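Structure below is model.txt: compact mmCIF, C-alpha atoms.
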# COMPACT_ATOMS: atom_id res chain seq x y z
CA MET U 1 48.66 114.15 61.68
CA ASN U 2 48.36 117.70 63.02
CA SER U 3 47.80 120.75 60.82
CA SER U 4 51.51 121.67 60.62
CA ASP U 5 52.47 118.16 59.53
CA LYS U 6 49.66 118.09 56.98
CA ARG U 7 50.94 121.31 55.36
CA LEU U 8 54.48 119.92 55.06
CA ALA U 9 53.18 116.68 53.58
CA GLU U 10 50.36 117.84 51.30
CA ALA U 11 50.29 121.61 50.63
CA PRO U 12 51.25 122.77 47.09
CA ILE U 13 55.03 123.24 47.02
CA PRO U 14 55.19 126.84 45.66
CA LYS U 15 52.59 128.09 48.14
CA LEU U 16 54.24 126.18 51.00
CA ILE U 17 57.68 127.58 50.15
CA ILE U 18 56.35 131.14 50.14
CA SER U 19 54.55 130.67 53.46
CA LEU U 20 57.65 129.24 55.17
CA ALA U 21 60.46 131.07 53.39
CA LEU U 22 59.18 134.65 53.58
CA PRO U 23 58.96 134.76 57.41
CA SER U 24 62.35 133.05 57.61
CA ILE U 25 63.91 135.60 55.23
CA VAL U 26 62.40 138.46 57.22
CA ALA U 27 63.71 136.89 60.45
CA GLN U 28 67.25 136.51 59.09
CA VAL U 29 67.35 140.02 57.64
CA ILE U 30 66.03 141.44 60.90
CA ASN U 31 68.62 139.40 62.82
CA LEU U 32 71.29 140.91 60.60
CA LEU U 33 70.15 144.33 61.75
CA TYR U 34 71.52 143.55 65.22
CA SER U 35 75.07 143.93 63.97
CA ILE U 36 74.50 146.14 60.93
CA VAL U 37 72.69 148.88 62.87
CA ASP U 38 75.42 148.83 65.52
CA ARG U 39 78.09 149.33 62.85
CA ILE U 40 76.18 152.09 61.08
CA TYR U 41 75.71 154.09 64.30
CA ILE U 42 79.27 153.45 65.53
CA GLY U 43 80.78 154.33 62.15
CA HIS U 44 79.16 157.77 62.34
CA LEU U 45 80.37 158.67 65.84
CA GLU U 46 82.03 162.06 65.89
CA GLY U 47 85.82 162.00 65.99
CA ASP U 48 86.95 158.35 66.02
CA GLY U 49 84.00 156.78 64.18
CA ASP U 50 86.25 154.98 61.70
CA ILE U 51 88.51 153.60 64.47
CA ALA U 52 85.51 152.61 66.59
CA LEU U 53 84.07 150.78 63.55
CA THR U 54 87.37 148.95 63.18
CA GLY U 55 87.18 147.97 66.86
CA ILE U 56 83.70 146.53 66.38
CA GLY U 57 85.04 144.61 63.38
CA ILE U 58 87.70 143.06 65.60
CA THR U 59 84.98 141.58 67.85
CA LEU U 60 83.10 139.99 64.93
CA PRO U 61 85.04 136.69 65.06
CA ILE U 62 84.02 136.25 68.70
CA VAL U 63 80.37 137.07 67.93
CA MET U 64 80.51 134.58 65.06
CA ILE U 65 81.94 131.84 67.28
CA ILE U 66 79.21 132.36 69.88
CA SER U 67 76.57 132.17 67.13
CA ALA U 68 78.28 129.08 65.70
CA PHE U 69 77.69 127.15 68.92
CA SER U 70 73.99 127.97 68.77
CA ALA U 71 73.96 126.75 65.13
CA PHE U 72 75.68 123.57 66.33
CA VAL U 73 72.57 122.72 68.35
CA GLY U 74 69.85 124.43 66.31
CA TYR U 75 70.74 123.31 62.81
CA GLY U 76 72.14 120.02 64.07
CA GLY U 77 69.02 118.99 65.94
CA ALA U 78 66.08 120.66 64.18
CA PRO U 79 66.35 118.72 60.86
CA ILE U 80 66.51 115.44 62.80
CA ALA U 81 63.51 116.47 64.88
CA ALA U 82 61.61 117.24 61.66
CA MET U 83 62.48 113.80 60.28
CA ARG U 84 61.23 112.15 63.48
CA MET U 85 57.98 114.11 63.19
CA GLY U 86 57.76 112.82 59.60
CA HIS U 87 57.91 109.33 61.14
CA ASN U 88 55.26 110.36 63.73
CA ASP U 89 57.83 109.79 66.51
CA TYR U 90 57.13 112.87 68.64
CA ASP U 91 58.72 111.44 71.79
CA GLU U 92 62.09 111.20 70.07
CA ALA U 93 61.66 114.67 68.55
CA GLU U 94 61.13 116.09 72.05
CA SER U 95 64.19 114.22 73.34
CA ILE U 96 66.25 115.89 70.61
CA LEU U 97 64.90 119.29 71.68
CA GLY U 98 65.55 118.57 75.36
CA ASN U 99 69.12 117.42 74.79
CA GLY U 100 69.72 120.48 72.62
CA PHE U 101 68.47 122.69 75.46
CA ILE U 102 71.04 121.19 77.85
CA LEU U 103 73.84 121.59 75.31
CA LEU U 104 73.06 125.29 74.89
CA ILE U 105 73.37 125.87 78.65
CA LEU U 106 76.73 124.09 78.77
CA PHE U 107 78.05 125.99 75.74
CA SER U 108 76.95 129.32 77.26
CA ALA U 109 78.80 128.68 80.52
CA PHE U 110 82.00 127.67 78.72
CA LEU U 111 82.00 130.56 76.22
CA THR U 112 81.31 133.21 78.85
CA ALA U 113 84.04 132.00 81.21
CA PHE U 114 86.64 131.50 78.48
CA THR U 115 86.10 134.90 76.87
CA LEU U 116 86.18 136.76 80.18
CA MET U 117 89.50 135.15 81.07
CA PHE U 118 91.26 135.61 77.74
CA SER U 119 89.63 138.63 76.05
CA GLU U 120 92.79 140.76 75.83
CA PRO U 121 95.09 138.25 74.06
CA ILE U 122 92.18 137.12 71.86
CA LEU U 123 91.48 140.66 70.61
CA TYR U 124 95.13 141.31 69.78
CA LEU U 125 95.31 137.93 68.05
CA PHE U 126 92.25 138.87 66.00
CA GLY U 127 93.94 141.98 64.61
CA ALA U 128 93.39 144.76 67.16
CA GLY U 129 95.76 147.73 66.93
CA GLN U 130 96.70 150.24 69.62
CA GLN U 131 93.77 152.52 68.81
CA SER U 132 91.09 149.95 67.94
CA TYR U 133 91.72 147.70 70.99
CA LYS U 134 90.01 150.16 73.34
CA TYR U 135 86.74 150.08 71.40
CA ALA U 136 86.84 146.32 70.84
CA LYS U 137 87.32 145.68 74.58
CA GLU U 138 84.52 148.07 75.57
CA TYR U 139 82.08 146.34 73.24
CA LEU U 140 83.06 142.80 74.19
CA ASP U 141 82.97 143.41 77.97
CA PHE U 142 79.23 144.14 77.72
CA TYR U 143 78.30 141.74 74.92
CA ILE U 144 79.72 138.58 76.51
CA TRP U 145 77.26 138.69 79.41
CA GLY U 146 74.43 138.07 76.97
CA THR U 147 75.87 134.78 75.70
CA ILE U 148 73.13 132.65 77.27
CA PHE U 149 70.47 134.78 75.58
CA VAL U 150 72.18 134.43 72.20
CA GLN U 151 72.33 130.66 72.63
CA PHE U 152 68.66 130.32 73.51
CA SER U 153 67.31 132.77 70.93
CA LEU U 154 69.38 131.48 67.98
CA GLY U 155 69.83 127.85 69.05
CA LEU U 156 66.20 127.07 69.88
CA ASN U 157 64.47 129.05 67.15
CA PRO U 158 65.10 126.36 64.47
CA TYR U 159 63.03 123.95 66.59
CA ILE U 160 60.10 126.30 66.05
CA SER U 161 60.77 126.61 62.31
CA CYS U 162 61.01 122.83 61.85
CA GLN U 163 57.39 122.55 63.00
CA GLY U 164 56.33 124.67 60.05
CA LYS U 165 55.68 127.65 62.35
CA ALA U 166 57.76 130.15 60.41
CA LYS U 167 55.80 133.21 61.52
CA THR U 168 56.30 132.39 65.18
CA ALA U 169 60.03 131.95 64.59
CA MET U 170 60.09 135.28 62.74
CA PHE U 171 58.47 137.12 65.66
CA SER U 172 61.15 135.90 68.04
CA VAL U 173 63.74 137.72 65.94
CA LEU U 174 61.50 140.69 65.18
CA ILE U 175 60.95 141.45 68.87
CA GLY U 176 64.67 141.57 69.59
CA ALA U 177 65.55 143.57 66.49
CA LEU U 178 62.96 146.28 67.12
CA ILE U 179 64.17 146.66 70.69
CA ASN U 180 67.78 146.84 69.51
CA ILE U 181 67.02 149.46 66.85
CA ALA U 182 65.10 151.56 69.40
CA LEU U 183 67.73 151.32 72.14
CA ASP U 184 70.85 151.83 70.00
CA PRO U 185 70.55 155.61 69.50
CA ILE U 186 69.37 156.07 73.10
CA PHE U 187 72.36 154.29 74.62
CA ILE U 188 75.00 155.27 72.03
CA PHE U 189 74.14 158.96 71.67
CA GLY U 190 71.53 159.82 74.31
CA PHE U 191 73.46 158.35 77.25
CA ASN U 192 76.79 158.98 75.47
CA MET U 193 77.85 155.35 75.99
CA GLY U 194 79.35 154.85 72.52
CA VAL U 195 80.25 151.24 71.72
CA LYS U 196 79.26 150.17 75.24
CA GLY U 197 75.74 151.35 74.48
CA ALA U 198 75.61 149.34 71.27
CA ALA U 199 76.61 146.19 73.14
CA LEU U 200 74.13 146.79 75.97
CA ALA U 201 71.28 147.35 73.50
CA THR U 202 72.15 144.05 71.80
CA VAL U 203 72.19 142.12 75.09
CA ILE U 204 68.78 143.47 76.13
CA SER U 205 67.28 142.68 72.72
CA GLN U 206 68.66 139.14 72.74
CA PHE U 207 67.20 138.65 76.21
CA ALA U 208 63.75 139.57 74.88
CA SER U 209 64.11 137.15 71.95
CA ALA U 210 65.22 134.33 74.26
CA ILE U 211 62.21 134.83 76.53
CA TRP U 212 59.87 134.62 73.53
CA VAL U 213 61.46 131.42 72.16
CA VAL U 214 61.65 129.55 75.46
CA SER U 215 58.10 130.57 76.42
CA PHE U 216 56.72 129.23 73.14
CA LEU U 217 58.59 125.91 73.41
CA LEU U 218 57.21 125.46 76.93
CA SER U 219 53.63 126.17 75.82
CA LYS U 220 50.90 123.94 74.41
CA LYS U 221 51.11 125.83 71.11
CA SER U 222 54.33 124.01 70.28
CA VAL U 223 54.07 120.59 68.58
CA ILE U 224 57.22 119.50 70.43
CA ARG U 225 57.86 120.99 73.86
CA VAL U 226 60.68 121.42 76.36
CA ARG U 227 59.74 118.99 79.12
CA LEU U 228 61.65 118.15 82.29
CA SER U 229 61.39 114.44 81.48
CA ARG U 230 63.16 115.00 78.14
CA LEU U 231 66.15 116.93 79.52
CA LYS U 232 68.07 113.82 80.57
CA PRO U 233 71.19 113.62 78.35
CA ARG U 234 71.24 110.61 76.03
CA SER U 235 74.54 109.78 74.34
CA LYS U 236 72.87 108.55 71.14
CA THR U 237 70.77 111.71 70.81
CA LEU U 238 73.67 114.03 71.62
CA PHE U 239 75.85 112.26 69.07
CA ALA U 240 73.17 112.63 66.38
CA ILE U 241 72.82 116.37 67.07
CA LEU U 242 76.57 116.97 67.11
CA SER U 243 77.20 114.82 64.02
CA LEU U 244 74.85 116.86 61.86
CA GLY U 245 75.55 120.12 63.69
CA ILE U 246 79.29 120.02 63.05
CA SER U 247 78.75 121.25 59.49
CA PRO U 248 76.83 124.49 60.28
CA PHE U 249 79.15 124.98 63.26
CA ILE U 250 82.20 124.88 61.01
CA MET U 251 80.48 127.06 58.41
CA GLN U 252 79.88 129.79 60.99
CA SER U 253 82.94 129.38 63.22
CA THR U 254 85.28 129.41 60.25
CA GLU U 255 83.82 132.79 59.36
CA SER U 256 85.66 133.95 62.47
CA LEU U 257 88.85 132.26 61.28
CA VAL U 258 88.46 134.02 57.94
CA SER U 259 87.89 137.32 59.70
CA ILE U 260 90.97 136.77 61.87
CA THR U 261 93.09 135.91 58.82
CA PHE U 262 91.83 138.93 56.89
CA ASN U 263 92.22 141.35 59.80
CA SER U 264 95.69 140.21 60.84
CA GLY U 265 96.93 140.20 57.22
CA LEU U 266 95.46 143.61 56.45
CA GLN U 267 96.83 145.03 59.72
CA LYS U 268 100.29 143.71 58.82
CA TYR U 269 100.40 144.78 55.17
CA GLY U 270 98.12 147.82 55.17
CA GLY U 271 97.12 149.08 58.65
CA GLU U 272 93.86 149.92 60.40
CA LEU U 273 92.37 151.65 57.34
CA TYR U 274 92.35 148.29 55.53
CA VAL U 275 90.94 146.48 58.58
CA GLY U 276 88.13 149.04 58.66
CA SER U 277 87.42 148.46 54.96
CA MET U 278 87.11 144.72 55.60
CA THR U 279 84.55 145.36 58.35
CA ILE U 280 82.41 147.22 55.82
CA LEU U 281 82.95 144.64 53.06
CA MET U 282 81.95 141.76 55.33
CA SER U 283 78.85 143.71 56.39
CA ILE U 284 77.81 144.31 52.77
CA MET U 285 78.47 140.67 51.89
CA GLN U 286 76.09 139.67 54.65
CA LEU U 287 73.37 141.61 52.83
CA CYS U 288 73.88 139.15 49.95
CA VAL U 289 74.21 135.97 52.01
CA ILE U 290 71.72 136.37 54.86
CA PRO U 291 68.50 136.57 52.77
CA MET U 292 69.56 133.37 50.97
CA GLN U 293 70.19 131.68 54.30
CA GLY U 294 66.78 132.75 55.48
CA PHE U 295 65.19 131.34 52.34
CA THR U 296 66.98 127.97 52.54
CA GLN U 297 66.35 127.64 56.28
CA GLY U 298 62.67 128.30 55.70
CA VAL U 299 62.52 125.67 52.97
CA GLN U 300 64.64 123.07 54.79
CA PRO U 301 61.80 121.70 57.00
CA ILE U 302 59.91 120.71 53.82
CA ILE U 303 62.89 118.65 52.68
CA SER U 304 63.57 117.09 56.10
CA TYR U 305 59.93 116.19 56.81
CA ASN U 306 59.32 114.64 53.40
CA TYR U 307 62.62 112.77 53.53
CA GLY U 308 61.45 111.22 56.80
CA ALA U 309 58.06 110.49 55.19
CA GLY U 310 59.69 108.98 52.08
CA ASN U 311 58.22 111.48 49.62
CA ARG U 312 60.85 111.80 46.89
CA LYS U 313 58.89 113.93 44.44
CA ARG U 314 58.20 116.71 46.93
CA ILE U 315 61.89 116.86 47.81
CA ILE U 316 62.96 117.21 44.16
CA ASP U 317 60.27 119.79 43.36
CA THR U 318 61.25 121.82 46.42
CA PHE U 319 64.95 121.78 45.51
CA LYS U 320 64.34 122.95 41.93
CA ILE U 321 62.50 126.03 43.15
CA MET U 322 65.05 126.71 45.88
CA VAL U 323 68.16 126.58 43.66
CA THR U 324 66.53 128.78 41.01
CA CYS U 325 65.52 131.46 43.51
CA CYS U 326 68.88 131.43 45.31
CA LEU U 327 70.93 131.70 42.12
CA LEU U 328 68.82 134.56 40.78
CA PHE U 329 69.12 136.43 44.07
CA SER U 330 72.89 136.00 44.44
CA LEU U 331 73.50 137.12 40.86
CA THR U 332 71.18 140.13 41.03
CA SER U 333 72.33 141.39 44.44
CA CYS U 334 76.03 141.15 43.58
CA ILE U 335 75.61 142.95 40.26
CA THR U 336 73.62 145.74 41.92
CA MET U 337 76.14 146.30 44.72
CA SER U 338 79.08 146.16 42.31
CA LEU U 339 77.52 148.80 40.06
CA PHE U 340 76.88 151.21 42.94
CA PRO U 341 79.61 150.43 45.52
CA GLU U 342 79.95 153.89 47.04
CA PHE U 343 76.21 154.08 47.75
CA PHE U 344 76.41 150.99 49.99
CA VAL U 345 79.77 151.87 51.56
CA ARG U 346 78.59 155.29 52.75
CA PHE U 347 75.94 153.67 54.93
CA PHE U 348 78.78 152.71 57.26
CA ASN U 349 81.23 155.62 57.10
CA ASN U 350 81.95 158.85 55.20
CA GLN U 351 85.68 159.10 55.82
CA PRO U 352 87.08 159.79 52.29
CA GLN U 353 90.04 157.39 52.33
CA LEU U 354 87.97 154.56 53.78
CA VAL U 355 85.13 155.10 51.29
CA GLU U 356 87.54 155.22 48.34
CA LEU U 357 89.39 152.02 49.28
CA THR U 358 86.25 150.04 50.15
CA SER U 359 84.34 151.16 47.03
CA LYS U 360 87.28 150.14 44.86
CA MET U 361 87.52 146.62 46.34
CA LEU U 362 83.78 145.86 46.68
CA PRO U 363 83.22 144.57 43.08
CA VAL U 364 86.29 142.33 43.43
CA PHE U 365 85.23 141.02 46.82
CA LEU U 366 81.70 140.12 45.71
CA PHE U 367 82.52 138.59 42.32
CA GLY U 368 82.44 134.96 43.48
CA MET U 369 79.22 135.58 45.41
CA SER U 370 77.36 135.95 42.12
CA ILE U 371 76.94 132.15 41.89
CA PHE U 372 76.82 131.49 45.63
CA GLY U 373 73.15 130.57 45.29
CA LEU U 374 74.36 127.15 44.10
CA GLN U 375 76.37 126.64 47.28
CA SER U 376 73.64 127.86 49.60
CA SER U 377 70.80 125.76 48.15
CA CYS U 378 72.81 122.54 47.76
CA GLN U 379 74.42 122.83 51.19
CA SER U 380 71.03 123.38 52.83
CA THR U 381 69.55 120.39 51.01
CA PHE U 382 72.37 118.13 52.17
CA MET U 383 71.70 119.32 55.72
CA GLY U 384 67.96 118.74 55.36
CA LEU U 385 68.63 115.20 54.17
CA GLY U 386 70.88 114.48 57.15
CA GLN U 387 74.05 114.09 55.07
CA ALA U 388 76.53 115.02 57.79
CA LYS U 389 79.74 113.85 56.07
CA ILE U 390 79.09 115.66 52.78
CA SER U 391 77.99 118.81 54.60
CA LEU U 392 81.14 118.73 56.72
CA PHE U 393 83.39 118.39 53.67
CA LEU U 394 81.72 121.28 51.89
CA ALA U 395 81.92 123.44 55.00
CA LEU U 396 85.66 122.79 55.24
CA LEU U 397 86.28 123.25 51.51
CA ARG U 398 85.32 126.90 51.12
CA LYS U 399 86.87 128.31 54.28
CA ILE U 400 89.68 126.01 55.45
CA VAL U 401 90.91 124.48 52.20
CA LEU U 402 90.52 127.52 49.95
CA LEU U 403 89.86 130.90 51.58
CA VAL U 404 92.25 130.95 54.55
CA PRO U 405 95.30 129.62 52.65
CA LEU U 406 94.64 132.04 49.77
CA ALA U 407 94.39 134.99 52.17
CA ILE U 408 97.79 134.04 53.60
CA VAL U 409 99.59 133.15 50.37
CA LEU U 410 98.43 135.92 48.00
CA PRO U 411 100.02 138.84 49.90
CA LEU U 412 103.25 136.85 50.20
CA ILE U 413 103.35 136.55 46.41
CA PHE U 414 102.10 140.00 45.37
CA LYS U 415 103.36 142.02 48.39
CA THR U 416 100.23 144.23 48.54
CA PRO U 417 97.31 144.34 51.01
CA GLU U 418 94.88 144.57 48.06
CA SER U 419 95.80 141.03 47.00
CA ILE U 420 94.14 139.68 50.17
CA TYR U 421 90.73 140.76 48.89
CA TYR U 422 91.02 138.44 45.87
CA ALA U 423 91.00 135.34 48.11
CA GLU U 424 87.24 135.71 48.66
CA PRO U 425 85.99 135.55 45.04
CA ILE U 426 88.35 132.71 44.12
CA ALA U 427 87.21 130.60 47.09
CA ASP U 428 83.49 131.43 46.69
CA GLY U 429 83.35 130.64 42.98
CA THR U 430 85.33 127.40 43.27
CA ALA U 431 83.36 126.12 46.27
CA SER U 432 80.01 126.86 44.63
CA LEU U 433 80.88 124.89 41.48
CA VAL U 434 82.27 121.94 43.48
CA THR U 435 79.20 121.86 45.74
CA PHE U 436 76.78 121.82 42.81
CA SER U 437 78.77 119.07 41.09
CA MET U 438 78.73 116.93 44.24
CA PHE U 439 74.99 117.45 44.59
CA LEU U 440 74.31 116.23 41.04
CA PHE U 441 76.57 113.23 41.63
CA ASN U 442 75.08 112.16 45.00
CA ILE U 443 71.40 113.12 45.05
CA LYS U 444 70.07 110.07 43.19
CA LYS U 445 71.78 107.70 45.61
CA ILE U 446 70.63 109.65 48.68
CA LEU U 447 67.00 109.55 47.56
CA SER U 448 67.09 105.96 46.30
CA HIS U 449 65.07 104.61 49.25
CA CYS U 450 62.30 107.23 48.93
CA GLY U 451 59.03 106.27 47.28
CA GLU U 452 59.03 106.99 43.52
CA ASN U 453 55.35 107.84 43.26
CA LYS U 454 54.64 109.62 46.51
Could the structure of this file be written out as structure tokens, please?
Amino acid sequence: MNSSDKRLAEAPIPKLIISLALPSIVAQVINLLYSIVDRIYIGHLEGDGDIALTGIGITLPIVMIISAFSAFVGYGGAPIAAMRMGHNDYDEAESILGNGFILLILFSAFLTAFTLMFSEPILYLFGAGQQSYKYAKEYLDFYIWGTIFVQFSLGLNPYISCQGKAKTAMFSVLIGALINIALDPIFIFGFNMGVKGAALATVISQFASAIWVVSFLLSKKSVIRVRLSRLKPRSKTLFAILSLGISPFIMQSTESLVSITFNSGLQKYGGELYVGSMTILMSIMQLCVIPMQGFTQGVQPIISYNYGAGNRKRIIDTFKIMVTCCLLFSLTSCITMSLFPEFFVRFFNNQPQLVELTSKMLPVFLFGMSIFGLQSSCQSTFMGLGQAKISLFLALLRKIVLLVPLAIVLPLIFKTPESIYYAEPIADGTASLVTFSMFLFNIKKILSHCGENK
């Protein structure tokens, strides 16, 4: 047993959670800065800053879909690799990594080609108007060429985290984020490139992150490595990755479907001002969700490894701490942002009408997020335990079953664009309560084969 395995198996749970979760939280928050910083700079461009911000918002579904494919491989394969390491089967863990590497290359080629061919109809479908289309197209034409870097940096990083090397995984994101933050003002304002500069800065920063991740996984510092002998596709391994990965893929890709539904509905019933407000609201919501995701992703290797090792007590102790922390964070962050909405909105734009509308709807939009810590912690635990079917159902419930239909039906009933905003809190609150109930109902059965006294 190497030192990383020993920590996952024997280190005190609270100390282990802090050591793994904090770097993961920092990594996720820093990763969020890629898009948040772009939107802040773009929203403050002279003249058409509000329209340019709307254009960037139109591209978000495409960015989300590209990230979803990396989650397909990363969060589908990494928990399984951690379980295999728990069984001391390092050859199989490396085969999972190798097959994931091949999948990421194939996904990159497909996404790049498809988007280049159909970018114009896609952007109009996603809610672009006559004014915002120009900015959306300029951003996307640069961003899409960095797809392979996005896939490698986001899709392979979980294979570093699952080894218990959270700090190394954090640095891969930190490198890219610092480069992005430094280059954004240079390209956007210094070279007067506008939204093109924001996209170019992002591509360069993702390239740097990808180089860091791949270099580490090729080195002797990695417990499991990318080896030529492990790159041969194996149907059983690919099926295992895709079976578990379908849940995080749907969770992220359906964010794009939600964004499309929101944007098209708001464009139809309200206009580009409302689409711009949704861009800001989704950005602020990410400030609530992303730290929780970082926390749960940092903790997940503890659950996966000890599930593979048959250590039931460590799994239960880990979950109790995780759900408590997540619920406290979601409640506190949502209350804070709802009490001071204008403070957070003005980070993105100062246009009076946009600020007024967005500040008014922010407390409504975030209301269901107050208990989202239940959803985040339970969903992550199901993933860590390899429960693909349950994870898939829960991923579909919040977005496909609840949120999208509500966003379509509510404005038909109430005839106002404001009614669309209420779909989010209804779906978030309902899904969180259902997820927690399903966890309480299923967890005993899932852990029934684990050792009682380990």
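Nearest residue to Leu125 in chain U among U:Leu154, U:Ile260, U:Met85, U:Met278 is U:Ile260, counting only C-alpha atoms.
Taking only C-alpha atoms into account, Gln252 in chain U lies nearest to U:Val63 out of the set U:Val275, U:Val63, U:Ala182, U:Ile315.
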Can you pull out the residues contacting Glu272 in chain U? Cut-off 8 Å, using all atoms listed in the file, and skip same-chain residues under 4 positions away; I want them as a PDB file with C-alpha atoms, keeping the file's coordinate frame.
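Listed below is the output, part10.pdb:
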ATOM      1  CA  ILE U  51      88.510 153.600  64.470  1.00  0.00           C
ATOM      2  CA  THR U  54      87.370 148.950  63.180  1.00  0.00           C
ATOM      3  CA  GLY U 129      95.760 147.730  66.930  1.00  0.00           C
ATOM      4  CA  LEU U 266      95.460 143.610  56.450  1.00  0.00           C
ATOM      5  CA  GLN U 267      96.830 145.030  59.720  1.00  0.00           C
ATOM      6  CA  GLY U 276      88.130 149.040  58.660  1.00  0.00           C
TER       7      GLY U 276
END
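Ranking U:Asn31, U:Ser95, U:Thr168, U:Ser229 by their shortest atom-to-atom distance to Trp212 in chain U, with all atoms listed in the file included, puts U:Thr168 first.
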With distances taken over only C-alpha atoms, the candidate from U:Tyr307, U:Tyr124, U:Phe149, U:Phe239 nearest Lys137 in chain U is U:Tyr124
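Near Tyr421 in chain U, within a cut-off of 8 Å and counting all atoms listed in the file, sit the residues Met361, Val364, Phe365 and Ala407 of chain U, with same-chain residues fewer than 6 positions away left out.
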Considering only C-alpha atoms, return as a PDB file with C-alpha atoms, keeping the file's coordinate frame whatever protein or nucleic-acid residues lie within 7 Å of Gln28 in chain U, sequence-local ones (same chain, fewer than 6 positions apart) excluded.
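Final output, saved to around10.pdb:
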ATOM      1  CA  ILE U 290      71.720 136.370  54.860  1.00  0.00           C
ATOM      2  CA  PRO U 291      68.500 136.570  52.770  1.00  0.00           C
ATOM      3  CA  GLY U 294      66.780 132.750  55.480  1.00  0.00           C
TER       4      GLY U 294
END
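Of the residues under consideration (U:Leu156, U:Ala427, U:Leu394, U:Val195), U:Val195 shows the shortest atom-to-atom contact distance to Gly49 in chain U when counting all atoms listed in the file.
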Who sits within 12 Å of range 285-289 of chain U, all atoms listed in the file, same chain under 3 positions skipped, as an MDAnalysis selection string
chainID U and resid 25 28:33 35:36 255 278:282 292:296 326:338 341 344:345 362:377 424:425 428
Selection from above, C-alpha atoms, as an mmCIF file, in the frame of the given file, can you write it?
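This is the output file result.cif:
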data_model
loop_
_atom_site.group_PDB
_atom_site.id
_atom_site.type_symbol
_atom_site.label_atom_id
_atom_site.label_comp_id
_atom_site.auth_asym_id
_atom_site.auth_seq_id
_atom_site.Cartn_x
_atom_site.Cartn_y
_atom_site.Cartn_z
ATOM 1 C CA ILE U 25 63.910 135.600 55.230
ATOM 2 C CA GLN U 28 67.250 136.510 59.090
ATOM 3 C CA VAL U 29 67.350 140.020 57.640
ATOM 4 C CA ILE U 30 66.030 141.440 60.900
ATOM 5 C CA ASN U 31 68.620 139.400 62.820
ATOM 6 C CA LEU U 32 71.290 140.910 60.600
ATOM 7 C CA LEU U 33 70.150 144.330 61.750
ATOM 8 C CA SER U 35 75.070 143.930 63.970
ATOM 9 C CA ILE U 36 74.500 146.140 60.930
ATOM 10 C CA GLU U 255 83.820 132.790 59.360
ATOM 11 C CA MET U 278 87.110 144.720 55.600
ATOM 12 C CA THR U 279 84.550 145.360 58.350
ATOM 13 C CA ILE U 280 82.410 147.220 55.820
ATOM 14 C CA LEU U 281 82.950 144.640 53.060
ATOM 15 C CA MET U 282 81.950 141.760 55.330
ATOM 16 C CA MET U 292 69.560 133.370 50.970
ATOM 17 C CA GLN U 293 70.190 131.680 54.300
ATOM 18 C CA GLY U 294 66.780 132.750 55.480
ATOM 19 C CA PHE U 295 65.190 131.340 52.340
ATOM 20 C CA THR U 296 66.980 127.970 52.540
ATOM 21 C CA CYS U 326 68.880 131.430 45.310
ATOM 22 C CA LEU U 327 70.930 131.700 42.120
ATOM 23 C CA LEU U 328 68.820 134.560 40.780
ATOM 24 C CA PHE U 329 69.120 136.430 44.070
ATOM 25 C CA SER U 330 72.890 136.000 44.440
ATOM 26 C CA LEU U 331 73.500 137.120 40.860
ATOM 27 C CA THR U 332 71.180 140.130 41.030
ATOM 28 C CA SER U 333 72.330 141.390 44.440
ATOM 29 C CA CYS U 334 76.030 141.150 43.580
ATOM 30 C CA ILE U 335 75.610 142.950 40.260
ATOM 31 C CA THR U 336 73.620 145.740 41.920
ATOM 32 C CA MET U 337 76.140 146.300 44.720
ATOM 33 C CA SER U 338 79.080 146.160 42.310
ATOM 34 C CA PRO U 341 79.610 150.430 45.520
ATOM 35 C CA PHE U 344 76.410 150.990 49.990
ATOM 36 C CA VAL U 345 79.770 151.870 51.560
ATOM 37 C CA LEU U 362 83.780 145.860 46.680
ATOM 38 C CA PRO U 363 83.220 144.570 43.080
ATOM 39 C CA VAL U 364 86.290 142.330 43.430
ATOM 40 C CA PHE U 365 85.230 141.020 46.820
ATOM 41 C CA LEU U 366 81.700 140.120 45.710
ATOM 42 C CA PHE U 367 82.520 138.590 42.320
ATOM 43 C CA GLY U 368 82.440 134.960 43.480
ATOM 44 C CA MET U 369 79.220 135.580 45.410
ATOM 45 C CA SER U 370 77.360 135.950 42.120
ATOM 46 C CA ILE U 371 76.940 132.150 41.890
ATOM 47 C CA PHE U 372 76.820 131.490 45.630
ATOM 48 C CA GLY U 373 73.150 130.570 45.290
ATOM 49 C CA LEU U 374 74.360 127.150 44.100
ATOM 50 C CA GLN U 375 76.370 126.640 47.280
ATOM 51 C CA SER U 376 73.640 127.860 49.600
ATOM 52 C CA SER U 377 70.800 125.760 48.150
ATOM 53 C CA GLU U 424 87.240 135.710 48.660
ATOM 54 C CA PRO U 425 85.990 135.550 45.040
ATOM 55 C CA ASP U 428 83.490 131.430 46.690
#
Pairwise distance, CA of Val213 in chain U with CA of Leu20 in chain U, equals 17.5 Å
In Å and to one decimal, CA of Arg39 in chain U is distant from CA of Leu53 in chain U by 6.2 Å
Expressed in Å, the length from CA of Val37 in chain U to CA of Gly57 in chain U is 13.1 Å
If you count all atoms listed in the file, the residue of U:Val299, U:Ser304, U:Val258, U:Phe382 closest to Val401 in chain U turns out to be U:Val258
>> What's around Met251 in chain U at 9 Å? Count all atoms listed in the file, leave out sequence neighbours fewer than 3 positions away in its own chain, and write the answer as a PyMOL selection string.
In response: chain U and resi 68+246-248+254-255+392+394-396+398-399
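The list of residues within 6 Å of (75.3, 153.6, 71.7), counted using only C-alpha atoms, is U:Asp184, U:Pro185, U:Phe187, U:Ile188, U:Phe189, U:Met193, U:Gly194, U:Val195, U:Gly197, U:Ala198.
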